[in-house]
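Chemist: Contents are mmCIF, C-alpha atoms; file name my_file-v4.cif:
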```cif
data_start
loop_
_atom_site.label_atom_id
_atom_site.label_comp_id
_atom_site.auth_asym_id
_atom_site.auth_seq_id
_atom_site.Cartn_x
_atom_site.Cartn_y
_atom_site.Cartn_z
CA MET A 1 342.63 108.18 80.44
CA PRO A 2 342.55 110.40 83.55
CA ARG A 3 339.64 111.06 85.87
CA VAL A 4 339.32 113.47 88.82
CA ILE A 5 337.71 112.95 92.22
CA LEU A 6 337.12 116.35 93.83
CA ALA A 7 336.05 116.19 97.48
CA VAL A 8 335.03 119.34 99.36
CA LEU A 9 335.18 118.95 103.13
CA ASP A 10 332.54 121.60 103.68
CA SER A 11 333.85 124.32 106.03
CA PHE A 12 337.25 122.75 106.84
CA GLY A 13 339.26 125.97 106.72
CA ILE A 14 342.84 126.39 107.91
CA GLY A 15 342.88 130.05 109.00
CA GLY A 16 345.05 132.81 107.67
CA ALA A 17 342.67 134.77 105.42
CA PRO A 18 344.19 138.25 105.11
CA ASP A 19 340.76 139.91 104.83
CA ALA A 20 339.21 138.07 107.80
CA ALA A 21 338.81 141.36 109.70
CA SER A 22 336.10 142.37 107.21
CA PHE A 23 333.91 139.35 108.11
CA PHE A 24 332.04 138.93 111.38
CA ASN A 25 330.37 136.55 113.82
CA ASP A 26 328.18 138.26 116.43
CA GLU A 27 330.09 141.52 115.77
CA ARG A 28 333.42 139.73 116.36
CA PRO A 29 335.74 139.82 113.33
CA ASP A 30 336.92 136.48 111.96
CA THR A 31 340.56 137.46 112.46
CA GLY A 32 342.30 134.47 114.01
CA ALA A 33 339.57 131.94 113.20
CA ASN A 34 341.10 128.58 112.25
CA THR A 35 338.82 125.56 112.00
CA PHE A 36 341.55 122.91 111.69
CA LEU A 37 344.03 124.33 114.20
CA HIS A 38 341.48 125.07 116.92
CA ILE A 39 339.92 121.60 116.67
CA ALA A 40 343.38 120.02 116.91
CA GLU A 41 344.36 122.24 119.85
CA ALA A 42 341.11 121.50 121.67
CA CYS A 43 341.53 117.76 121.19
CA ALA A 44 345.14 117.91 122.41
CA VAL A 45 343.97 119.19 125.82
CA GLY A 46 340.92 116.97 126.18
CA LYS A 47 338.31 119.46 124.98
CA GLY A 48 337.46 117.23 122.04
CA ASP A 49 336.56 114.28 124.25
CA GLN A 50 332.98 113.04 124.39
CA ASP A 51 331.84 109.83 126.06
CA GLY A 52 330.88 107.20 123.54
CA LEU A 53 332.12 109.29 120.60
CA ARG A 54 335.87 109.96 120.71
CA THR A 55 338.79 110.83 123.01
CA GLY A 56 342.34 112.05 122.72
CA PRO A 57 344.32 114.05 120.15
CA LEU A 58 342.93 114.68 116.68
CA THR A 59 344.21 111.78 114.58
CA LEU A 60 344.16 112.19 110.79
CA PRO A 61 347.15 110.19 109.50
CA ASN A 62 345.97 109.94 105.90
CA LEU A 63 345.11 113.61 105.50
CA ASP A 64 348.36 114.53 107.24
CA LYS A 65 350.34 112.31 104.87
CA LEU A 66 348.77 114.18 101.95
CA GLY A 67 349.86 117.52 103.42
CA LEU A 68 347.19 118.77 105.84
CA GLY A 69 349.61 119.65 108.64
CA ALA A 70 352.01 121.39 106.26
CA ALA A 71 349.18 123.33 104.60
CA GLY A 72 347.88 124.44 107.99
CA GLU A 73 351.34 125.68 108.99
CA LEU A 74 351.78 127.56 105.72
CA SER A 75 348.37 129.19 106.09
CA SER A 76 348.54 130.29 109.72
CA GLY A 77 352.19 129.99 110.74
CA THR A 78 351.39 127.33 113.37
CA LEU A 79 351.80 123.58 113.05
CA ALA A 80 348.78 121.82 114.57
CA PRO A 81 349.65 119.55 117.53
CA GLY A 82 350.26 115.97 116.44
CA PHE A 83 350.71 116.84 112.74
CA THR A 84 353.77 116.92 110.49
CA ASN A 85 355.17 119.45 108.03
CA GLN A 86 356.95 116.75 106.00
CA PRO A 87 354.15 115.16 103.93
CA ALA A 88 354.32 112.72 101.04
CA GLY A 89 351.63 114.33 98.88
CA LEU A 90 351.29 117.36 96.61
CA TRP A 91 349.81 120.13 98.68
CA GLY A 92 349.17 123.84 99.01
CA VAL A 93 346.85 126.54 100.29
CA ALA A 94 344.20 128.54 98.42
CA ARG A 95 342.81 131.98 99.18
CA GLU A 96 339.31 133.12 98.22
CA VAL A 97 338.77 136.30 96.18
CA SER A 98 334.95 136.14 96.13
CA ILE A 99 333.25 138.61 98.42
CA GLY A 100 331.25 136.08 100.43
CA LYS A 101 332.21 133.30 102.85
CA ASP A 102 329.26 131.16 101.84
CA THR A 103 328.80 127.81 100.12
CA PRO A 104 328.00 129.04 96.57
CA SER A 105 330.86 131.57 96.55
CA GLY A 106 333.40 128.97 97.63
CA HIS A 107 332.15 126.24 95.31
CA TRP A 108 331.75 128.45 92.26
CA GLU A 109 335.28 129.80 92.72
CA ILE A 110 336.65 126.26 93.18
CA ALA A 111 335.03 125.48 89.82
CA GLY A 112 336.77 128.44 88.19
CA VAL A 113 334.15 131.20 88.57
CA PRO A 114 334.74 133.75 91.35
CA VAL A 115 331.53 135.47 92.48
CA PRO A 116 331.51 139.04 91.12
CA PHE A 117 328.68 140.43 93.30
CA GLU A 118 327.56 140.68 96.92
CA TRP A 119 324.84 138.30 98.08
CA GLY A 120 321.67 139.62 99.68
CA TYR A 121 321.19 138.85 103.36
CA PHE A 122 318.15 139.25 105.58
CA PRO A 123 318.42 141.45 108.71
CA LYS A 124 318.46 140.00 112.22
CA THR A 125 315.04 141.40 113.02
CA VAL A 126 311.66 139.81 113.75
CA PRO A 127 310.09 139.69 111.26
CA THR A 128 313.15 139.31 109.06
CA PHE A 129 311.61 139.02 105.56
CA PRO A 130 310.22 142.02 103.65
CA ASP A 131 306.42 142.28 103.90
CA GLU A 132 306.04 142.48 100.12
CA LEU A 133 308.10 139.31 99.60
CA ILE A 134 305.94 137.33 102.02
CA ALA A 135 302.67 138.75 100.68
CA ASP A 136 303.58 137.84 97.10
CA PHE A 137 304.83 134.39 98.09
CA VAL A 138 301.76 133.53 100.19
CA ALA A 139 299.36 134.75 97.50
CA GLU A 140 300.95 132.87 94.59
CA ALA A 141 301.51 129.69 96.61
CA GLY A 142 297.96 129.72 97.98
CA LEU A 143 299.12 129.48 101.59
CA PRO A 144 297.20 130.43 104.75
CA GLY A 145 300.34 132.28 105.91
CA ILE A 146 303.77 131.37 107.23
CA LEU A 147 305.38 130.65 110.58
CA GLY A 148 308.81 131.71 111.80
CA ASN A 149 309.91 134.72 109.75
CA LYS A 150 313.17 135.05 111.66
CA HIS A 151 316.78 133.90 111.96
CA ALA A 152 316.81 130.43 113.48
CA SER A 153 318.52 127.07 113.78
CA GLY A 154 316.71 124.57 111.56
CA THR A 155 316.33 121.86 114.18
CA VAL A 156 315.31 124.32 116.90
CA VAL A 157 312.68 126.08 114.80
CA ILE A 158 311.12 122.76 113.75
CA ASN A 159 310.81 121.70 117.39
CA GLU A 160 309.35 125.09 118.25
CA LEU A 161 306.82 125.40 115.43
CA GLY A 162 306.40 121.91 113.99
CA GLU A 163 303.13 121.09 115.76
CA GLU A 164 301.60 124.45 114.81
CA HIS A 165 302.73 123.87 111.22
CA ILE A 166 300.95 120.48 111.14
CA ARG A 167 297.81 122.00 112.66
CA THR A 168 297.63 125.11 110.44
CA GLY A 169 299.27 124.07 107.18
CA LYS A 170 301.54 127.12 107.35
CA PRO A 171 305.15 126.38 106.30
CA ILE A 172 308.01 127.41 108.58
CA CYS A 173 310.12 130.08 106.90
CA TYR A 174 313.43 131.17 108.38
CA THR A 175 316.94 132.27 107.48
CA SER A 176 320.46 132.17 108.89
CA ALA A 177 323.74 134.02 108.57
CA ASP A 178 323.93 132.64 105.02
CA SER A 179 322.15 134.16 102.04
CA VAL A 180 319.22 131.75 102.24
CA PHE A 181 315.43 131.56 102.50
CA GLN A 182 314.64 128.21 104.14
CA ILE A 183 311.24 126.52 104.20
CA ALA A 184 310.56 123.61 106.55
CA ALA A 185 307.47 121.46 106.09
CA HIS A 186 306.29 117.99 107.05
CA GLU A 187 306.81 115.36 104.37
CA THR A 188 303.40 113.74 104.79
CA HIS A 189 301.09 116.28 106.46
CA PHE A 190 302.19 119.04 104.06
CA GLY A 191 303.64 116.91 101.27
CA LEU A 192 307.16 116.72 99.86
CA GLU A 193 306.21 117.69 96.31
CA ARG A 194 304.10 120.55 97.65
CA LEU A 195 307.13 121.77 99.59
CA TYR A 196 309.26 121.73 96.45
CA GLU A 197 306.51 123.57 94.58
CA ILE A 198 306.32 126.44 97.06
CA CYS A 199 310.12 126.66 97.19
CA GLU A 200 310.16 127.24 93.43
CA ILE A 201 307.60 130.00 93.88
CA ALA A 202 309.63 131.59 96.69
CA PHE A 203 312.74 131.49 94.52
CA LYS A 204 311.03 133.75 91.95
CA TYR A 205 310.80 136.45 94.62
CA THR A 206 314.15 135.95 96.38
CA LYS A 207 316.27 135.82 93.22
CA PRO A 208 315.97 139.59 92.50
CA LEU A 209 317.19 140.20 96.07
CA LYS A 210 320.39 138.21 95.27
CA THR A 211 319.44 135.63 97.89
CA GLY A 212 321.69 132.71 97.05
CA ARG A 213 319.33 129.83 97.72
CA VAL A 214 315.84 128.77 98.72
CA ILE A 215 316.21 125.53 100.66
CA ALA A 216 313.47 122.93 101.14
CA ARG A 217 313.84 121.42 104.62
CA PRO A 218 311.43 118.46 104.91
CA PHE A 219 310.93 116.69 108.23
CA VAL A 220 308.93 113.87 109.76
CA GLY A 221 307.58 113.04 113.22
CA GLU A 222 304.54 114.09 115.20
CA ASP A 223 305.94 116.13 118.11
CA PRO A 224 309.19 117.72 119.27
CA THR A 225 310.40 114.40 120.67
CA SER A 226 310.17 112.74 117.25
CA PHE A 227 310.64 115.57 114.73
CA LYS A 228 313.58 114.80 112.45
CA ARG A 229 314.81 116.36 109.20
CA THR A 230 315.05 113.93 106.30
CA GLY A 231 317.54 113.52 103.48
CA ASN A 232 315.14 115.01 100.92
CA ARG A 233 316.52 118.52 101.21
CA ARG A 234 316.58 120.40 97.92
CA ASP A 235 318.28 123.72 97.12
CA PHE A 236 316.92 126.13 94.53
CA ALA A 237 319.95 128.25 93.71
CA ILE A 238 320.99 131.19 91.56
CA ALA A 239 323.01 129.87 88.63
CA PRO A 240 326.69 130.79 88.22
CA PRO A 241 327.22 133.84 85.97
CA GLU A 242 329.46 131.99 83.48
CA PRO A 243 330.40 128.39 82.63
CA THR A 244 332.04 126.49 85.47
CA LEU A 245 334.40 123.53 85.39
CA LEU A 246 331.30 121.32 85.42
CA ASP A 247 329.86 122.99 82.31
CA ARG A 248 333.19 122.81 80.52
CA ASN A 249 333.62 119.10 81.18
CA GLN A 250 330.03 118.34 80.16
CA GLN A 251 330.37 120.40 76.99
CA ALA A 252 333.48 118.39 76.12
CA GLY A 253 331.30 115.28 76.12
CA GLN A 254 332.63 114.04 79.45
CA GLN A 255 330.80 112.89 82.56
CA VAL A 256 330.15 115.02 85.65
CA PHE A 257 328.98 113.15 88.74
CA ALA A 258 327.43 115.59 91.23
CA ILE A 259 327.20 113.90 94.63
CA GLY A 260 325.30 115.30 97.60
CA LYS A 261 324.28 118.94 97.22
CA ILE A 262 326.70 119.68 94.36
CA SER A 263 323.98 119.73 91.69
CA ASP A 264 321.89 122.17 93.76
CA ILE A 265 324.86 124.49 94.35
CA TYR A 266 325.39 124.85 90.60
CA ALA A 267 321.63 125.03 89.82
CA GLY A 268 321.91 121.70 88.02
CA GLN A 269 324.19 123.14 85.34
CA GLY A 270 326.97 120.99 83.91
CA VAL A 271 325.75 117.81 85.63
CA THR A 272 325.40 114.50 83.79
CA HIS A 273 324.84 112.25 86.84
CA LYS A 274 323.13 113.49 90.02
CA MET A 275 323.60 111.28 93.08
CA LYS A 276 321.96 112.16 96.40
CA ALA A 277 322.85 110.87 99.86
CA SER A 278 322.47 111.98 103.46
CA GLY A 279 325.43 111.83 105.84
CA ASN A 280 329.17 111.88 105.20
CA MET A 281 329.61 108.11 105.21
CA LYS A 282 326.78 107.58 102.73
CA LEU A 283 328.26 110.36 100.60
CA PHE A 284 331.57 108.49 100.71
CA ASP A 285 329.77 105.33 99.59
CA ARG A 286 328.21 107.17 96.65
CA THR A 287 331.61 108.57 95.68
CA LEU A 288 333.02 105.05 95.50
CA GLU A 289 329.99 103.98 93.45
CA ALA A 290 330.60 106.83 91.02
CA MET A 291 334.21 105.78 90.63
CA GLU A 292 333.01 102.34 89.53
CA MET A 293 330.67 103.93 86.96
CA ALA A 294 332.87 106.75 85.68
CA ASP A 295 334.36 106.76 82.19
CA ASP A 296 337.60 108.35 81.05
CA ARG A 297 337.96 112.08 81.82
CA ALA A 298 335.02 112.06 84.23
CA LEU A 299 334.74 114.58 87.06
CA ILE A 300 333.41 113.10 90.31
CA PHE A 301 332.51 115.96 92.65
CA THR A 302 331.29 115.42 96.23
CA ASN A 303 330.38 117.85 99.00
CA PHE A 304 330.75 116.36 102.49
CA VAL A 305 328.24 118.60 104.21
CA ASP A 306 328.14 117.19 107.75
CA PHE A 307 331.30 119.02 108.82
CA ASP A 308 329.49 122.31 108.23
CA GLN A 309 325.81 121.79 108.94
CA ASP A 310 326.04 119.34 111.83
CA PHE A 311 329.18 120.47 113.65
CA GLY A 312 330.55 123.83 112.48
CA HIS A 313 327.34 125.82 112.77
CA ARG A 314 326.50 124.05 116.03
CA ARG A 315 329.97 124.78 117.47
CA ASP A 316 330.45 121.10 118.24
CA ILE A 317 334.19 120.40 118.54
CA PRO A 318 333.96 116.68 119.48
CA GLY A 319 331.45 116.05 116.70
CA TYR A 320 333.58 117.84 114.10
CA ALA A 321 336.71 115.98 115.23
CA ASN A 322 334.92 112.63 115.09
CA ALA A 323 333.59 113.35 111.59
CA LEU A 324 337.09 114.22 110.39
CA GLU A 325 338.50 111.01 111.84
CA GLN A 326 335.74 108.94 110.24
CA PHE A 327 336.51 110.53 106.87
CA ASP A 328 340.24 110.01 107.28
CA ARG A 329 339.82 106.31 108.10
CA ARG A 330 338.00 105.76 104.81
CA LEU A 331 340.48 107.54 102.54
CA PRO A 332 342.49 104.36 101.85
CA GLU A 333 339.34 102.79 100.37
CA LEU A 334 339.12 105.58 97.84
CA VAL A 335 342.85 105.56 97.05
CA SER A 336 342.80 101.80 96.48
CA GLN A 337 340.05 102.25 93.87
CA MET A 338 341.94 104.90 91.88
CA ARG A 339 343.41 104.18 88.47
CA ASP A 340 347.06 105.02 87.84
CA ASP A 341 346.18 108.33 86.15
CA ASP A 342 343.27 109.35 88.39
CA LEU A 343 343.65 112.53 90.45
CA LEU A 344 342.21 113.05 93.95
CA VAL A 345 341.77 116.65 95.15
CA LEU A 346 340.70 117.37 98.74
CA THR A 347 339.80 120.94 99.68
CA ALA A 348 337.19 123.13 101.42
CA ASP A 349 334.93 126.04 100.51
CA HIS A 350 335.31 128.28 103.61
CA GLY A 351 335.78 127.87 107.35
CA ASN A 352 333.36 127.26 110.21
CA ASP A 353 335.49 127.31 113.34
CA PRO A 354 333.54 125.46 116.07
CA SER A 355 335.50 127.32 118.75
CA TRP A 356 334.43 130.74 117.43
CA SER A 357 331.64 133.03 118.62
CA GLY A 358 328.34 133.08 116.73
CA THR A 359 327.16 130.37 114.36
CA ASP A 360 328.24 131.73 110.96
CA HIS A 361 330.99 130.55 108.62
CA THR A 362 334.46 131.96 109.23
CA ARG A 363 336.63 133.62 106.57
CA GLU A 364 339.62 131.30 106.12
CA GLN A 365 342.01 129.94 103.57
CA VAL A 366 341.61 126.28 102.62
CA PRO A 367 343.88 123.26 102.19
CA VAL A 368 344.40 121.81 98.72
CA LEU A 369 345.66 118.22 98.98
CA CYS A 370 346.31 116.24 95.80
CA PHE A 371 347.21 112.63 95.14
CA SER A 372 347.74 110.54 92.03
CA PRO A 373 350.02 107.58 91.35
CA ALA A 374 351.11 109.59 88.30
CA LEU A 375 351.84 112.79 90.26
CA ALA A 376 355.07 113.99 91.82
CA THR A 377 354.96 115.13 95.45
CA GLY A 378 355.86 118.54 96.85
CA SER A 379 354.26 121.93 97.48
CA PHE A 380 352.74 124.46 95.10
CA GLY A 381 352.53 127.03 97.89
CA LEU A 382 349.85 129.65 98.42
CA ARG A 383 347.46 130.15 95.51
CA PRO A 384 345.77 133.57 95.18
CA THR A 385 342.34 132.20 94.23
CA PHE A 386 340.31 129.03 94.63
CA ALA A 387 339.95 129.18 90.83
CA ASP A 388 343.44 127.68 90.57
CA ILE A 389 341.90 124.43 91.84
CA GLY A 390 339.42 124.34 88.98
CA GLU A 391 342.05 125.23 86.40
CA SER A 392 344.37 122.48 87.65
CA ILE A 393 341.55 119.94 87.38
CA ALA A 394 340.69 121.24 83.90
CA HIS A 395 344.31 120.77 82.87
CA TRP A 396 344.30 117.19 84.19
CA LEU A 397 341.10 116.45 82.26
CA GLY A 398 342.49 117.89 79.04
CA LEU A 399 340.22 120.94 78.93
CA PRO A 400 341.31 124.31 77.49
CA PRO A 401 342.18 127.01 80.06
CA GLY A 402 339.31 129.05 81.51
CA ARG A 403 339.02 132.76 82.21
CA HIS A 404 340.06 132.68 85.88
CA GLY A 405 342.96 131.10 87.68
CA THR A 406 346.01 129.13 86.57
CA SER A 407 346.93 125.47 86.95
CA PHE A 408 349.48 124.39 89.54
CA LEU A 409 349.91 121.01 87.81
#
```
Just dump the structure as C-alpha cells.
Modeler:
Amino acid sequence: MPRVILAVLDSFGIGGAPDAASFFNDERPDTGANTFLHIAEACAVGKGDQDGLRTGPLTLPNLDKLGLGAAGELSSGTLAPGFTNQPAGLWGVAREVSIGKDTPSGHWEIAGVPVPFEWGYFPKTVPTFPDELIADFVAEAGLPGILGNKHASGTVVINELGEEHIRTGKPICYTSADSVFQIAAHETHFGLERLYEICEIAFKYTKPLKTGRVIARPFVGEDPTSFKRTGNRRDFAIAPPEPTLLDRNQQAGQQVFAIGKISDIYAGQGVTHKMKASGNMKLFDRTLEAMEMADDRALIFTNFVDFDQDFGHRRDIPGYANALEQFDRRLPELVSQMRDDDLLVLTADHGNDPSWSGTDHTREQVPVLCFSPALATGSFGLRPTFADIGESIAHWLGLPPGRHGTSFL
C-alpha cells in the first residue's frame, strides 16, 4: 500500500512569481528574485566558492535528474548553468495564491489550505511591539521586563543582549520580516520550561493581532564568544482555518510523521508522530527513520529549515549552495529505501534569494519534483496553487478530494 514522503526545502524558490512586484525587501520589489537560478549563476562564476566549504559550479545531479533544471526554466524562462531541461522524473512548477510569502502560508497551502487572510506584522520601529501587548505579557508572565523590542537577527541580538538577560532575568523579545514574536532565553539561567511557559502567555496576546507564531529561541553559553542557540526551539502557531492534508490523513486512521518544525507549523493538528531534529542532515536521518517505522498510507512530512534560516536570511550564497549539495548527495539513500508504490515529493514553501537585498523571504514559484517506481515520468506544467501538491498526495494516499486544488497525478 502506498506511502508519501513530502520534503520541503525551506525557501528554495525558482523565481517567476507574477505578483512579485507587490512584495518587498528593503523597499525593493521581489521582481526578478530567483533563489535557485542566482545561486547557480553565482557558483558558475566563482562567487559560491568558500575555502574549506565548497568550490565550483552548483552540482545537484539527483535533483536535476528529477526535474529541477527543467522546472527552473519553466518558471523563469532561463535554464540554470550546468543543469538540464531533459529530466527523468515527473516535475512541474507551483504558484502560491496565499497573500503572504511566509512559512505558514506556504506550508498550509501545500497541505491544501490557502491562507484566506493577511498576517499581522510589527513595524520597523524601536520599540516595535505595542505598549499594551508588552504590559499585558509582562504582567501575566511575572517578568521584570523585556529586552530588545525591535527587529533583529536572532544570533546578533543574543550576542548583544545575552549577558544582560542572564543578569536581569529579562527575556529578549524581537521580531523579523516574518509575522513572528520571538523570545530568546538561556536554557539554564532562565529555564527551558519557563521559556515555553512565557511563550504560551505571549501567544494569547499576539494571536488577536494575526501574528503567525511566537517562537521560543533557547540558547546556552556564558558570553558572546560562547552563546549558541540550541535545537530546542518551539513554535506556538495559529492553527489552520480548516482541515489540512495532515488532518485528513489522520482522520482516515493513517499515520502522519511530522519531522522538524512541521508539527509547530500546523499547531500540532493532524500529527500522529512528532520527530524533532536540528540541522538538515539530522532531519534527513529522522526522515529515513520514519520510513522504517511507517505503515501503509502514511504521510512522512519533513521541513529542511537550514536553507532558509541559516543561509537565505543571512544572504550566504556559498552556505546555501553547500547545503543543497549535501542534500542532493543523500537523495539516493532515501530513494533506495522506498517501496515500489511509495511517492517522493520535493518542493518549497517560498523563496529566500541570498543574492537579494534585505533579509526577508522572496515571492517566488516553487519546484515540484516527484518520484515513484510506480510513476510515469514527464511534466505536469505550471500549477495555479500550491494546493495541487496536497491534492495529488491525497489522491496517492486514497483520500477523498479536498476543497482546494486538483491532483496532477
Chemist: Write out as a compact mmCIF listing (two decimals) with C-alpha atoms, in the frame of the given file each polymer residue whose atoms come within 12 Å of Gly142 in chain A, counting only C-alpha atoms; drop sequence neighbours fewer than 4 positions from it.
Modeler:
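So the final result, stored in out_22.txt, reads:
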```txt
# COMPACT_ATOMS: atom_id res chain seq x y z
CA ILE A 134 305.94 137.33 102.02
CA ALA A 135 302.67 138.75 100.68
CA ASP A 136 303.58 137.84 97.10
CA PHE A 137 304.83 134.39 98.09
CA VAL A 138 301.76 133.53 100.19
CA ILE A 146 303.77 131.37 107.23
CA GLY A 169 299.27 124.07 107.18
CA LYS A 170 301.54 127.12 107.35
CA PRO A 171 305.15 126.38 106.30
CA ARG A 194 304.10 120.55 97.65
CA GLU A 197 306.51 123.57 94.58
CA ILE A 198 306.32 126.44 97.06
CA ILE A 201 307.60 130.00 93.88
CA ALA A 202 309.63 131.59 96.69
```
Chemist: For Asp360 in chain A, which residue among A:Pro116, A:Pro104, A:Pro400, A:Gly312 is the nearest when counting all atoms listed in the file?
Modeler: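 Residue with the minimum atom-to-atom distance to Asp360 in chain A: A:Gly312.
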Chemist: May I have a table of the residues of range 64-122 of chain A lying at most 9 Å from range 231-249 of chain A, giving each one's closest pair of atoms and their distance in Å to one decimal, counting only C-alpha atoms, ordered by chain and ascending residue number, as JSON lines?
Modeler:
```
{"residue": "A:Pro104", "atom": "CA", "partner": "A:Ala237", "partner_atom": "CA", "distance": 8.6}
{"residue": "A:Trp108", "atom": "CA", "partner": "A:Pro240", "partner_atom": "CA", "distance": 6.9}
{"residue": "A:Glu109", "atom": "CA", "partner": "A:Thr244", "partner_atom": "CA", "distance": 8.6}
{"residue": "A:Ile110", "atom": "CA", "partner": "A:Leu245", "partner_atom": "CA", "distance": 8.6}
{"residue": "A:Ala111", "atom": "CA", "partner": "A:Leu245", "partner_atom": "CA", "distance": 4.9}
{"residue": "A:Gly112", "atom": "CA", "partner": "A:Thr244", "partner_atom": "CA", "distance": 5.8}
{"residue": "A:Val113", "atom": "CA", "partner": "A:Thr244", "partner_atom": "CA", "distance": 6.0}
{"residue": "A:Val115", "atom": "CA", "partner": "A:Pro240", "partner_atom": "CA", "distance": 8.0}
{"residue": "A:Pro116", "atom": "CA", "partner": "A:Pro241", "partner_atom": "CA", "distance": 8.5}
```
Chemist: Could you please determine the separation between CA of Leu346 in chain A and CA of Gln50 in chain A in Å, to one decimal place?
Modeler: 27.1 Å
Chemist: Give me the result of the PyMOL selection byres ((chain A and resi 168) around 12) on this file, residue by residue, as a compact mmCIF listing (two decimals) with C-alpha atoms, in the frame of the given file.
Modeler:
```
# COMPACT_ATOMS: atom_id res chain seq x y z
CA LEU A 143 299.12 129.48 101.59
CA PRO A 144 297.20 130.43 104.75
CA GLY A 145 300.34 132.28 105.91
CA ILE A 146 303.77 131.37 107.23
CA LEU A 147 305.38 130.65 110.58
CA LEU A 161 306.82 125.40 115.43
CA GLY A 162 306.40 121.91 113.99
CA GLU A 163 303.13 121.09 115.76
CA GLU A 164 301.60 124.45 114.81
CA HIS A 165 302.73 123.87 111.22
CA ILE A 166 300.95 120.48 111.14
CA ARG A 167 297.81 122.00 112.66
CA GLY A 169 299.27 124.07 107.18
CA LYS A 170 301.54 127.12 107.35
CA PRO A 171 305.15 126.38 106.30
CA ILE A 172 308.01 127.41 108.58
CA ALA A 185 307.47 121.46 106.09
CA HIS A 186 306.29 117.99 107.05
CA HIS A 189 301.09 116.28 106.46
CA PHE A 190 302.19 119.04 104.06
```
Chemist: Give the answer as one residue: which of A:Asp296, A:Glu96, A:Asp223, A:Asp285 has the shortest atom-to-atom distance to Gln254 in chain A, using all atoms listed in the file?
Modeler: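 Checking each candidate against Gln254 in chain A, we get A:Asp296 as the closest.
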Chemist: When the PyMOL selection byres ((chain A and resi 306-310) around 7) is applied to the structure above, which residues does it catch, written out as a ChimeraX atom specification?
Modeler: /A:9-11,279-280,304-305,311-314,320,323,352
Chemist: Report, in Å with one decimal, the straight-line distance from CA of Gly46 in chain A to CA of Ala80 in chain A.
Modeler: 14.8 Å
Chemist: Residues of range 11-111 of chain A within 10 Å of range 177-183 of chain A: nearest atom pair and distance (Å, one decimal) for each, counting all atoms listed in the file, sorted by chain and number, as a tab-separated table?
Modeler:
```
residue	atom	partner	partner_atom	distance
A:Asn25	CA	A:Ala177	CA	8.8
A:Asp26	CA	A:Ala177	CA	10.0
A:Gly100	CA	A:Asp178	CA	9.3
A:Lys101	CA	A:Asp178	CA	8.6
A:Asp102	CA	A:Asp178	CA	6.4
A:Thr103	CA	A:Asp178	CA	8.4
A:Pro104	CA	A:Ser179	CA	9.5
```
Chemist: Could you tell me which of A:Val368, A:Glu193, A:Ala290, A:Gly89 comes closest to Gly381 in chain A if we count only C-alpha atoms?
Modeler: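 Closest candidate: A:Val368.
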Chemist: Please provide as a list in words all residues within 7 Å of Ala21 in chain A, with the sequence filter that same-chain residues fewer than 2 positions apart are discarded (counting only C-alpha atoms).
Modeler: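 Once the nearby chain positions are removed, what remains is Asp19, Phe23, Pro29, Asp30 and Thr31 of chain A.
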Chemist: Measure the distance from CA of Leu299 in chain A to CA of Leu63 in chain A in Å and round it to one decimal.
Modeler: 21.2 Å
Chemist: Given the file shown, determine the residues that the PyMOL selection byres ((chain A and resi 85) around 10) selects; report them as a count of residues only.
Modeler: 17
Chemist: Nearest residue to Phe24 in chain A out of A:Thr230, A:Ser357, A:Asn62, A:Ser176, using all atoms listed in the file?
Modeler: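 Closest residue, counting all atoms listed in the file: A:Ser357.
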Chemist: Residues around (339.2, 127.6, 101.3), cut-off 12 Å, counting all atoms listed in the file - what are they as a short mmCIF file (atom, residue, chain, number, x, y, z; two decimals) with C-alpha atoms, in the frame of the given file?
Modeler:
```
data_model
loop_
_atom_site.label_atom_id
_atom_site.label_comp_id
_atom_site.auth_asym_id
_atom_site.auth_seq_id
_atom_site.Cartn_x
_atom_site.Cartn_y
_atom_site.Cartn_z
CA VAL A 8 335.03 119.34 99.36
CA LEU A 9 335.18 118.95 103.13
CA ASP A 10 332.54 121.60 103.68
CA SER A 11 333.85 124.32 106.03
CA PHE A 12 337.25 122.75 106.84
CA GLY A 13 339.26 125.97 106.72
CA ILE A 14 342.84 126.39 107.91
CA GLY A 15 342.88 130.05 109.00
CA GLY A 16 345.05 132.81 107.67
CA ALA A 17 342.67 134.77 105.42
CA ASN A 34 341.10 128.58 112.25
CA THR A 35 338.82 125.56 112.00
CA PHE A 36 341.55 122.91 111.69
CA ALA A 71 349.18 123.33 104.60
CA GLY A 72 347.88 124.44 107.99
CA SER A 75 348.37 129.19 106.09
CA GLY A 92 349.17 123.84 99.01
CA VAL A 93 346.85 126.54 100.29
CA ALA A 94 344.20 128.54 98.42
CA ARG A 95 342.81 131.98 99.18
CA GLU A 96 339.31 133.12 98.22
CA VAL A 97 338.77 136.30 96.18
CA SER A 98 334.95 136.14 96.13
CA GLY A 100 331.25 136.08 100.43
CA LYS A 101 332.21 133.30 102.85
CA ASP A 102 329.26 131.16 101.84
CA THR A 103 328.80 127.81 100.12
CA SER A 105 330.86 131.57 96.55
CA GLY A 106 333.40 128.97 97.63
CA HIS A 107 332.15 126.24 95.31
CA TRP A 108 331.75 128.45 92.26
CA GLU A 109 335.28 129.80 92.72
CA ILE A 110 336.65 126.26 93.18
CA LEU A 346 340.70 117.37 98.74
CA THR A 347 339.80 120.94 99.68
CA ALA A 348 337.19 123.13 101.42
CA ASP A 349 334.93 126.04 100.51
CA HIS A 350 335.31 128.28 103.61
CA GLY A 351 335.78 127.87 107.35
CA ASN A 352 333.36 127.26 110.21
CA HIS A 361 330.99 130.55 108.62
CA THR A 362 334.46 131.96 109.23
CA ARG A 363 336.63 133.62 106.57
CA GLU A 364 339.62 131.30 106.12
CA GLN A 365 342.01 129.94 103.57
CA VAL A 366 341.61 126.28 102.62
CA PRO A 367 343.88 123.26 102.19
CA VAL A 368 344.40 121.81 98.72
CA LEU A 369 345.66 118.22 98.98
CA LEU A 382 349.85 129.65 98.42
CA ARG A 383 347.46 130.15 95.51
CA PRO A 384 345.77 133.57 95.18
CA THR A 385 342.34 132.20 94.23
CA PHE A 386 340.31 129.03 94.63
CA ALA A 387 339.95 129.18 90.83
CA ASP A 388 343.44 127.68 90.57
CA ILE A 389 341.90 124.43 91.84
#
```
